[in-house]
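Structure, as structure tokens:
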Amino acid sequence: MDTVQEEENQIQVRFVTQQKEFAVTDSAILVPTKLRRYGLSEIINHLLGFERPVPFDFMIDNQFLRTSLEEYLQTKELSTENILIIEYVESMLPPTSLSTFQHDDWISAVKGYNKSLFLTGSYDNHVRIFNTSGECLQTLLGHIAPIKSVEWVSVTDEHAICLSASQDRSIRAWQVSLTDGQYTPLYDCKGHKESVECISVNSSCTEFVSVSLDSSILLWTTTQPETSEEIEKKSKRRKLNKDILIKAPIATMRGHIGPISSVMFDKNDSNKMYSGGWDHSIRVWDVETRTNIDTKICDKTVLGIACSDNLIASGHSDKLVRIWDPRAEDTAMVKLTLSSHKNWVSCVSWSPKSQFMLASGSYDGTVKIWDIRSRTPLYTIQNSNSQEKNSLVKKLFCIDWDLDMILSGGEDNQLHLYGTKTLDIQS
């Protein structure tokens with residue numbers, strides 16, 4: 001009788017993983033149904049022969065296992081006669097709050113550089129550069145309206161060149177000394193007729209692209225002009241510093257109907273870029289021919305996009321994160337939809353260390369960390385102010401995953417730094 005009961009409480013499983021360094025035999029083995037994540041992790045470590053255990057997470061049908069195998073079988077009404085295919089991945093440690101850097105107004109843009117420098121744009125019209133100690137190395141003054149996007153062009157031990165885009169319809173290039181506190185505006189980019197919402201620099205740092213509420217996409221070089229360049233229509237609204245060189249775009253691309261919220265160069269191909277707009281579309285562009293070569297149609301406004309090696313993530317006004325394969329021919333085919341946020345998803349950023357890890361920021365005041373092999377978030381980070389009783393939720397506007405650090409900013413006027421390290425792998 002005991003033998004029968006023991007057999008009833010076991011099930012055959014096959015362990016599979018996409019992380020080759022952790023691969024084990026794919027033959028079916030018999031395991032107790034009472035096992036949870038930790039028991040399954042012990043089996044994998046035993047099969048790998050690790051002296052120092054590595055924690056793993058387990059997925060069945062793209063859902064993380066958060067119960068025992070027995071409870072899972074009961075919920076899915078499955079028999080122990082089935083062979084379960086269980087995928088496992090190295091566990092990510094819970095994010096840790098590292099630091100917060102105070103600003104004077106809302107933070108609308110952030111970009112990290114190798115965890116050593118942090119570039120921010122704020123609604124007080126200022127661009128700031130911080131180091132890891134929280135010291136503000138430089139405050140760049142010159143814009144006359146809130147900053148919407150920032151980008152690094154180049155960084156050395158002594159100098160940095162960066163870009164900032166603003167609601168004042170301009171993009172400014174800056175050269176900043178990292179040793180003596182001096183900075184110089186290199187040139188102002190003129191051509192947009194409304195707020196510049198987003199900019200992106202290509203991988204070779206020779207060109208950058210900008211998008212605006214005016215529905216246009218403008219392409220620029222990063223080289224400094226010798227003299228001010230001619231602009232087709234000069235604005236009479238703003239008087240700018242005559243000592244700063246004016247730069248004109250080298251190309252204009254149109255296709256979106258209405259405002260464009262986001263743009264990004266392909267990580268591996270500088271001749272390809274992606275844009276997202278209020279017209280519910282994500283568009284793929286050939287930079288050399290200046291043509292819209294593909295269009296992905298969504299159900300809602302696109303608020304932010306991010307590119308991995310082969311996928312596009314987008315945040316939307318219907319609280320969803322969508323994952324797209326730009327190679328798919330079907331214009332409306334979404335590869336994956338991630339649902340957990342309780343308000344607009346304003347920003348998304350892929351992990352530079354994993355093709356599966358994604359962070360999203362929302363007007364609900366949270367950052368969510370996803371493994372796209374599952375439809376549920378791994379972790380939810382809530383800013384401390386949002387945890388206070390009866391406090392108003394502070395919206396998040398920007399996010400950047402810099403190596404193993406996540407940076408976020410929004411209405412609470414603070415740049416938040418979170419660590420996302422996994423355990424060292426030792427076999």
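Ligands are numbered from 1 in the order shown, chains are lettered A, B, ... in the order of the structure tokens, and residues start at 1 in each chain.
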
- Quick one: pick out all strand (DSSP E) residues within region 108-246 of chain A from a backbone DSSP run and write them as a PyMOL selection string. chain A and resi 108-113+117-122+127-131+136-140+147-155+159-166+171-177+183-189+196-201+207-212+216-221+245-246

Can those selected residues be exported to a file as an mmCIF file, in the first residue's frame so that it contains C-alpha atoms?
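The result, written out as out_15.cif:
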```cif
data_model
loop_
_atom_site.group_PDB
_atom_site.id
_atom_site.type_symbol
_atom_site.label_atom_id
_atom_site.label_comp_id
_atom_site.auth_asym_id
_atom_site.auth_seq_id
_atom_site.Cartn_x
_atom_site.Cartn_y
_atom_site.Cartn_z
ATOM 1 C CA SER A 108 11.583 63.003 -17.248
ATOM 2 C CA ALA A 109 14.710 61.406 -18.736
ATOM 3 C CA VAL A 110 17.609 59.260 -17.524
ATOM 4 C CA LYS A 111 20.555 57.452 -19.112
ATOM 5 C CA GLY A 112 23.338 55.598 -17.321
ATOM 6 C CA TYR A 113 26.902 55.045 -18.480
ATOM 7 C CA LEU A 117 27.792 58.326 -14.604
ATOM 8 C CA PHE A 118 24.087 59.156 -14.685
ATOM 9 C CA LEU A 119 22.594 61.698 -17.071
ATOM 10 C CA THR A 120 19.170 63.129 -16.178
ATOM 11 C CA GLY A 121 16.701 65.612 -17.634
ATOM 12 C CA SER A 122 14.144 67.407 -15.539
ATOM 13 C CA VAL A 127 20.301 68.551 -17.484
ATOM 14 C CA ARG A 128 22.425 67.013 -14.726
ATOM 15 C CA ILE A 129 25.322 64.576 -14.529
ATOM 16 C CA PHE A 130 25.812 62.550 -11.332
ATOM 17 C CA ASN A 131 28.504 60.140 -10.226
ATOM 18 C CA CYS A 136 26.095 66.327 -9.087
ATOM 19 C CA LEU A 137 29.160 66.868 -11.258
ATOM 20 C CA GLN A 138 27.463 69.346 -13.537
ATOM 21 C CA THR A 139 24.167 71.127 -14.125
ATOM 22 C CA LEU A 140 23.732 72.123 -17.759
ATOM 23 C CA ILE A 147 13.734 68.170 -20.874
ATOM 24 C CA LYS A 148 12.135 65.099 -22.467
ATOM 25 C CA SER A 149 15.093 62.898 -23.473
ATOM 26 C CA VAL A 150 18.851 62.586 -22.910
ATOM 27 C CA GLU A 151 21.604 60.516 -24.574
ATOM 28 C CA TRP A 152 25.348 59.976 -24.254
ATOM 29 C CA VAL A 153 27.435 60.429 -27.411
ATOM 30 C CA SER A 154 30.906 59.732 -26.022
ATOM 31 C CA VAL A 155 32.623 59.484 -22.638
ATOM 32 C CA HIS A 159 35.240 64.659 -21.054
ATOM 33 C CA ALA A 160 31.732 63.643 -22.008
ATOM 34 C CA ILE A 161 29.565 64.688 -24.937
ATOM 35 C CA CYS A 162 25.834 64.333 -24.456
ATOM 36 C CA LEU A 163 22.541 65.379 -26.035
ATOM 37 C CA SER A 164 19.341 66.734 -24.514
ATOM 38 C CA ALA A 165 15.933 67.160 -26.144
ATOM 39 C CA SER A 166 13.356 69.600 -24.841
ATOM 40 C CA ILE A 171 18.133 69.374 -29.163
ATOM 41 C CA ARG A 172 21.364 70.635 -27.654
ATOM 42 C CA ALA A 173 24.791 68.998 -27.727
ATOM 43 C CA TRP A 174 27.044 69.567 -24.737
ATOM 44 C CA GLN A 175 30.724 68.990 -24.037
ATOM 45 C CA VAL A 176 31.318 68.524 -20.320
ATOM 46 C CA SER A 177 34.612 68.361 -18.446
ATOM 47 C CA TYR A 183 30.867 72.720 -19.845
ATOM 48 C CA THR A 184 30.306 74.109 -23.334
ATOM 49 C CA PRO A 185 27.174 74.046 -25.504
ATOM 50 C CA LEU A 186 28.422 72.703 -28.863
ATOM 51 C CA TYR A 187 25.369 73.329 -31.057
ATOM 52 C CA ASP A 188 21.582 73.565 -31.103
ATOM 53 C CA CYS A 189 19.600 71.318 -33.444
ATOM 54 C CA VAL A 196 11.014 66.970 -29.050
ATOM 55 C CA GLU A 197 9.901 63.833 -27.223
ATOM 56 C CA CYS A 198 12.743 61.369 -27.728
ATOM 57 C CA ILE A 199 16.230 61.007 -29.240
ATOM 58 C CA SER A 200 18.425 57.991 -30.001
ATOM 59 C CA VAL A 201 22.093 57.733 -31.009
ATOM 60 C CA GLU A 207 24.181 59.956 -36.197
ATOM 61 C CA PHE A 208 21.149 60.443 -34.003
ATOM 62 C CA VAL A 209 17.438 60.652 -34.616
ATOM 63 C CA SER A 210 14.705 62.715 -32.968
ATOM 64 C CA VAL A 211 10.907 62.512 -32.851
ATOM 65 C CA SER A 212 8.373 65.142 -31.952
ATOM 66 C CA SER A 216 8.176 64.235 -37.879
ATOM 67 C CA ILE A 217 11.329 62.152 -37.519
ATOM 68 C CA LEU A 218 14.558 64.096 -38.095
ATOM 69 C CA LEU A 219 17.988 62.590 -38.714
ATOM 70 C CA TRP A 220 21.180 64.405 -37.655
ATOM 71 C CA THR A 221 24.928 63.869 -37.622
ATOM 72 C CA LEU A 245 26.021 77.190 -33.599
ATOM 73 C CA ILE A 246 22.769 76.079 -35.220
#
```

- Task: Please provide the set of residues having any atom within 12 Å of Glu81 (chain A), restricted to only C-alpha atoms, with same-chain residues fewer than 3 positions apart removed, written as a PyMOL selection string.
- Result: chain A and resi 7-13+30+33+73+77-78+84

Would you write out those residues with all heavy atoms, as a tab-separated table (two decimals), in the first residue's frame?
```tsv
chain	number	residue	atom	x	y	z
A	7	GLU	N	4.12	5.80	-5.43
A	7	GLU	CA	4.09	5.95	-6.88
A	7	GLU	C	3.08	7.01	-7.29
A	7	GLU	O	3.31	7.76	-8.23
A	7	GLU	CB	3.74	4.60	-7.53
A	7	GLU	CG	4.87	3.57	-7.43
A	7	GLU	CD	4.47	2.24	-8.03
A	7	GLU	OE1	3.27	2.12	-8.42
A	7	GLU	OE2	5.31	1.34	-8.09
A	8	GLU	N	1.95	7.07	-6.57
A	8	GLU	CA	0.92	8.06	-6.90
A	8	GLU	C	1.43	9.48	-6.67
A	8	GLU	O	0.96	10.42	-7.28
A	8	GLU	CB	-0.33	7.81	-6.06
A	8	GLU	CG	-1.10	6.57	-6.50
A	8	GLU	CD	-2.31	6.31	-5.61
A	8	GLU	OE1	-2.42	6.99	-4.56
A	8	GLU	OE2	-3.12	5.44	-5.96
A	9	ASN	N	2.38	9.64	-5.77
A	9	ASN	CA	2.88	10.97	-5.43
A	9	ASN	C	4.15	11.32	-6.18
A	9	ASN	O	4.91	12.18	-5.77
A	9	ASN	CB	3.15	11.05	-3.92
A	9	ASN	CG	1.86	11.07	-3.13
A	9	ASN	OD1	0.82	11.45	-3.65
A	9	ASN	ND2	1.93	10.63	-1.88
A	10	GLN	N	4.41	10.64	-7.28
A	10	GLN	CA	5.54	10.98	-8.13
A	10	GLN	C	5.07	11.21	-9.55
A	10	GLN	O	4.00	10.76	-9.95
A	10	GLN	CB	6.59	9.86	-8.10
A	10	GLN	CG	7.28	9.70	-6.75
A	10	GLN	CD	8.40	8.68	-6.79
A	10	GLN	OE1	8.44	7.82	-7.66
A	10	GLN	NE2	9.35	8.80	-5.86
A	11	ILE	N	5.89	11.96	-10.29
A	11	ILE	CA	5.56	12.24	-11.68
A	11	ILE	C	6.84	12.32	-12.49
A	11	ILE	O	7.90	12.71	-11.97
A	11	ILE	CB	4.76	13.56	-11.81
A	11	ILE	CG1	4.25	13.74	-13.25
A	11	ILE	CG2	5.58	14.76	-11.35
A	11	ILE	CD1	3.27	14.89	-13.40
A	12	GLN	N	6.75	11.95	-13.75
A	12	GLN	CA	7.90	12.06	-14.63
A	12	GLN	C	8.04	13.49	-15.16
A	12	GLN	O	7.04	14.08	-15.59
A	12	GLN	CB	7.77	11.09	-15.81
A	12	GLN	CG	7.93	9.63	-15.43
A	12	GLN	CD	8.06	8.76	-16.66
A	12	GLN	OE1	9.16	8.54	-17.19
A	12	GLN	NE2	6.93	8.25	-17.14
A	13	VAL	N	9.23	14.03	-15.11
A	13	VAL	CA	9.47	15.38	-15.61
A	13	VAL	C	10.70	15.38	-16.51
A	13	VAL	O	11.59	14.54	-16.37
A	13	VAL	CB	9.69	16.40	-14.46
A	13	VAL	CG1	8.49	16.43	-13.53
A	13	VAL	CG2	10.96	16.09	-13.69
A	30	LEU	N	11.84	10.63	-12.51
A	30	LEU	CA	10.71	10.57	-11.59
A	30	LEU	C	11.02	11.44	-10.37
A	30	LEU	O	12.07	11.29	-9.74
A	30	LEU	CB	10.48	9.12	-11.16
A	30	LEU	CG	9.07	8.72	-10.74
A	30	LEU	CD1	8.06	8.96	-11.85
A	30	LEU	CD2	9.06	7.25	-10.32
A	33	THR	N	5.80	14.70	-6.27
A	33	THR	CA	4.91	15.80	-6.62
A	33	THR	C	4.86	16.86	-5.52
A	33	THR	O	4.36	17.97	-5.75
A	33	THR	CB	3.49	15.30	-6.90
A	33	THR	OG1	3.01	14.60	-5.74
A	33	THR	CG2	3.46	14.38	-8.10
A	73	LEU	N	-0.71	20.35	-10.66
A	73	LEU	CA	-1.45	19.30	-11.37
A	73	LEU	C	-2.93	19.38	-11.05
A	73	LEU	O	-3.79	19.23	-11.93
A	73	LEU	CB	-0.90	17.93	-10.98
A	73	LEU	CG	0.52	17.61	-11.43
A	73	LEU	CD1	0.99	16.30	-10.81
A	73	LEU	CD2	0.61	17.52	-12.96
A	77	GLU	N	-5.84	20.24	-13.57
A	77	GLU	CA	-6.57	18.98	-13.76
A	77	GLU	C	-5.77	18.00	-14.63
A	77	GLU	O	-6.27	17.41	-15.60
A	77	GLU	CB	-7.95	19.24	-14.38
A	77	GLU	CG	-8.86	20.09	-13.49
A	77	GLU	CD	-10.22	20.30	-14.09
A	77	GLU	OE1	-10.41	19.98	-15.29
A	77	GLU	OE2	-11.12	20.78	-13.38
A	78	LEU	N	-4.51	17.84	-14.28
A	78	LEU	CA	-3.62	16.93	-15.00
A	78	LEU	C	-3.34	15.69	-14.17
A	78	LEU	O	-3.33	15.74	-12.93
A	78	LEU	CB	-2.29	17.63	-15.32
A	78	LEU	CG	-2.36	18.83	-16.27
A	78	LEU	CD1	-0.99	19.49	-16.37
A	78	LEU	CD2	-2.85	18.41	-17.65
A	84	LEU	N	5.74	16.02	-17.44
A	84	LEU	CA	5.80	17.49	-17.39
A	84	LEU	C	7.11	17.99	-17.99
A	84	LEU	O	8.19	17.48	-17.67
A	84	LEU	CB	5.70	17.98	-15.94
A	84	LEU	CG	4.33	18.08	-15.28
A	84	LEU	CD1	4.47	18.66	-13.89
A	84	LEU	CD2	3.37	18.92	-16.12
```

- Item | Near-Val302 (chain A) list (9 Å; only C-alpha atoms; drop same-chain fewer than 3 positions) as a PyMOL selection string | chain A and resi 260-262+276-282+298+305+314-317+345-346

Prev. selection, C-alpha atoms, output as a tab-separated table (two decimals), in the first residue's frame:
```tsv
chain	number	residue	atom	x	y	z
A	260	ILE	CA	5.47	60.48	-32.01
A	261	SER	CA	6.48	59.45	-28.49
A	262	SER	CA	9.57	57.30	-28.91
A	276	GLY	CA	6.25	54.52	-31.75
A	277	GLY	CA	3.41	57.02	-31.81
A	278	TRP	CA	-0.03	58.08	-30.73
A	279	ASP	CA	-1.43	56.59	-33.95
A	280	HIS	CA	-1.18	53.13	-32.32
A	281	SER	CA	1.70	52.09	-34.54
A	282	ILE	CA	5.31	50.97	-34.25
A	298	CYS	CA	-1.39	48.16	-31.83
A	305	ILE	CA	9.76	51.46	-26.92
A	314	SER	CA	6.49	48.74	-26.08
A	315	GLY	CA	4.56	50.42	-23.24
A	316	HIS	CA	0.97	51.53	-23.79
A	317	SER	CA	-1.91	53.58	-22.45
A	345	VAL	CA	3.14	52.04	-19.03
A	346	SER	CA	5.33	55.04	-19.78
```

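When only C-alpha atoms are used to measure the gap to Val284 (chain A), the shortest distance among A:Ile250, A:Ile312, A:Leu40, A:Val348 belongs to A:Ile312.
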
- Skipping near chain neighbours, those fewer than 6 positions away, what residues fall within 9 Å of Thr100 (chain A) using only C-alpha atoms, listed as an MDAnalysis selection string? chainID A and resid 134 414:417

Would you write out those residues with all heavy atoms, as a short mmCIF file (atom, residue, chain, number, x, y, z; two decimals), in the first residue's frame?
```
data_model
loop_
_atom_site.label_atom_id
_atom_site.label_comp_id
_atom_site.auth_asym_id
_atom_site.auth_seq_id
_atom_site.Cartn_x
_atom_site.Cartn_y
_atom_site.Cartn_z
N GLY A 134 26.55 60.13 -5.77
CA GLY A 134 25.42 61.04 -5.66
C GLY A 134 25.80 62.49 -5.83
O GLY A 134 24.99 63.40 -5.65
N GLN A 414 13.07 62.32 -7.58
CA GLN A 414 14.23 61.55 -7.15
C GLN A 414 14.65 60.55 -8.22
O GLN A 414 13.81 59.88 -8.81
CB GLN A 414 13.94 60.79 -5.85
CG GLN A 414 13.76 61.69 -4.63
CD GLN A 414 13.54 60.88 -3.38
OE1 GLN A 414 13.05 59.76 -3.42
NE2 GLN A 414 13.90 61.45 -2.24
N LEU A 415 15.97 60.50 -8.46
CA LEU A 415 16.51 59.45 -9.30
C LEU A 415 16.76 58.25 -8.41
O LEU A 415 17.54 58.31 -7.46
CB LEU A 415 17.82 59.91 -9.95
CG LEU A 415 18.58 58.83 -10.75
CD1 LEU A 415 17.77 58.38 -11.95
CD2 LEU A 415 19.95 59.34 -11.18
N HIS A 416 16.10 57.13 -8.71
CA HIS A 416 16.23 55.91 -7.91
C HIS A 416 17.19 54.94 -8.59
O HIS A 416 17.09 54.72 -9.80
CB HIS A 416 14.86 55.24 -7.73
CG HIS A 416 13.89 56.04 -6.94
ND1 HIS A 416 13.74 55.90 -5.58
CD2 HIS A 416 13.02 57.02 -7.31
CE1 HIS A 416 12.81 56.74 -5.14
NE2 HIS A 416 12.37 57.44 -6.18
N LEU A 417 18.09 54.38 -7.81
CA LEU A 417 19.05 53.39 -8.31
C LEU A 417 18.78 52.06 -7.61
O LEU A 417 18.74 52.00 -6.38
CB LEU A 417 20.48 53.82 -8.02
CG LEU A 417 21.14 54.85 -8.95
CD1 LEU A 417 20.41 56.19 -8.95
CD2 LEU A 417 22.60 55.06 -8.56
#
```

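Within region 247-419 of chain A, DSSP applied to the backbone places the following residues in alpha helix (DSSP H): Ser384, Asn385, Ser386 and Gln387 of chain A.
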
Go ahead and write the residues just picked, N, CA and C atoms, as a PDB file, in the first residue's frame.
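Writing done, so here's part-v5.pdb:
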```
ATOM      1  N   SER A 384       9.329  54.277  -2.159  1.00  0.00           N
ATOM      2  CA  SER A 384       8.956  54.362  -0.740  1.00  0.00           C
ATOM      3  C   SER A 384       7.817  55.339  -0.500  1.00  0.00           C
ATOM      4  N   ASN A 385       7.780  56.443  -1.258  1.00  0.00           N
ATOM      5  CA  ASN A 385       6.736  57.439  -1.032  1.00  0.00           C
ATOM      6  C   ASN A 385       5.363  56.878  -1.386  1.00  0.00           C
ATOM      7  N   SER A 386       5.323  55.940  -2.376  1.00  0.00           N
ATOM      8  CA  SER A 386       4.047  55.380  -2.795  1.00  0.00           C
ATOM      9  C   SER A 386       3.528  54.352  -1.794  1.00  0.00           C
ATOM     10  N   GLN A 387       4.403  53.900  -0.878  1.00  0.00           N
ATOM     11  CA  GLN A 387       3.995  52.916   0.102  1.00  0.00           C
ATOM     12  C   GLN A 387       3.362  53.557   1.328  1.00  0.00           C
TER      13      GLN A 387
END
```

- Query: Residues at most 10 Å from Cys307 (chain A), counting only C-alpha atoms, excluding those fewer than 2 positions away in the same chain, as a ChimeraX atom specification?
  - Reply: /A:263-268,273-274,305,309-314,323-324,326,348-350,355

- Which residues, written as a list in words, have at least one atom at most 12 Å from Gln382 (chain A), with only C-alpha atoms counted and residues fewer than 4 positions away on the same chain left out?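 Residues meeting the cut-off are Pro95, Thr96, Ser97, His341, Gly361, Ser362, Tyr363, Asp364, Gly365, Thr366, Val367, Lys368, Ile369, Ser386, Gln387, Glu388, Val393, Lys394, Lys395, Leu396, Ser408, His416 and Tyr418 of chain A.
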
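Comparing the minimum interatomic distances between Gly142 (chain A) and each of A:Ser170, A:Ile297, A:Asp214, A:Gly258, counting only C-alpha atoms, we find that A:Ser170 sits nearest.
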
- Item | Closest of A:Ile244, A:Ile43, A:Val89, A:Met59 to Lys20 (chain A) - atom-to-atom distances counting only C-alpha atoms |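 Selected residue with least distance to Lys20 (chain A): A:Val89.
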
- In Å, rounded to a single decimal, give me how far CA of Gln224 (chain A) is from CA of Asn114 (chain A).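 So the answer is 25.2 Å.
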
- Go through A:Val24, A:Ala248, A:Tyr88, A:Trp285 one by one, measure the shortest atom-to-atom distance of each to Gly49 (chain A) using only C-alpha atoms, and give the residue with the smallest value.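 Closest candidate: A:Val24.
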
- Go through A:Ser270, A:Ser360, A:Thr252, A:Thr301 and flag the residue nearest Ser215 (chain A), using only C-alpha atoms for the distances.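 Closest residue, counting only C-alpha atoms: A:Thr252.
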
- From the set A:Ile231, A:Ile29, A:Val16, A:Leu98, which residue has the shortest atom-to-atom contact distance to Ile86 (chain A), counting only C-alpha atoms? A:Val16
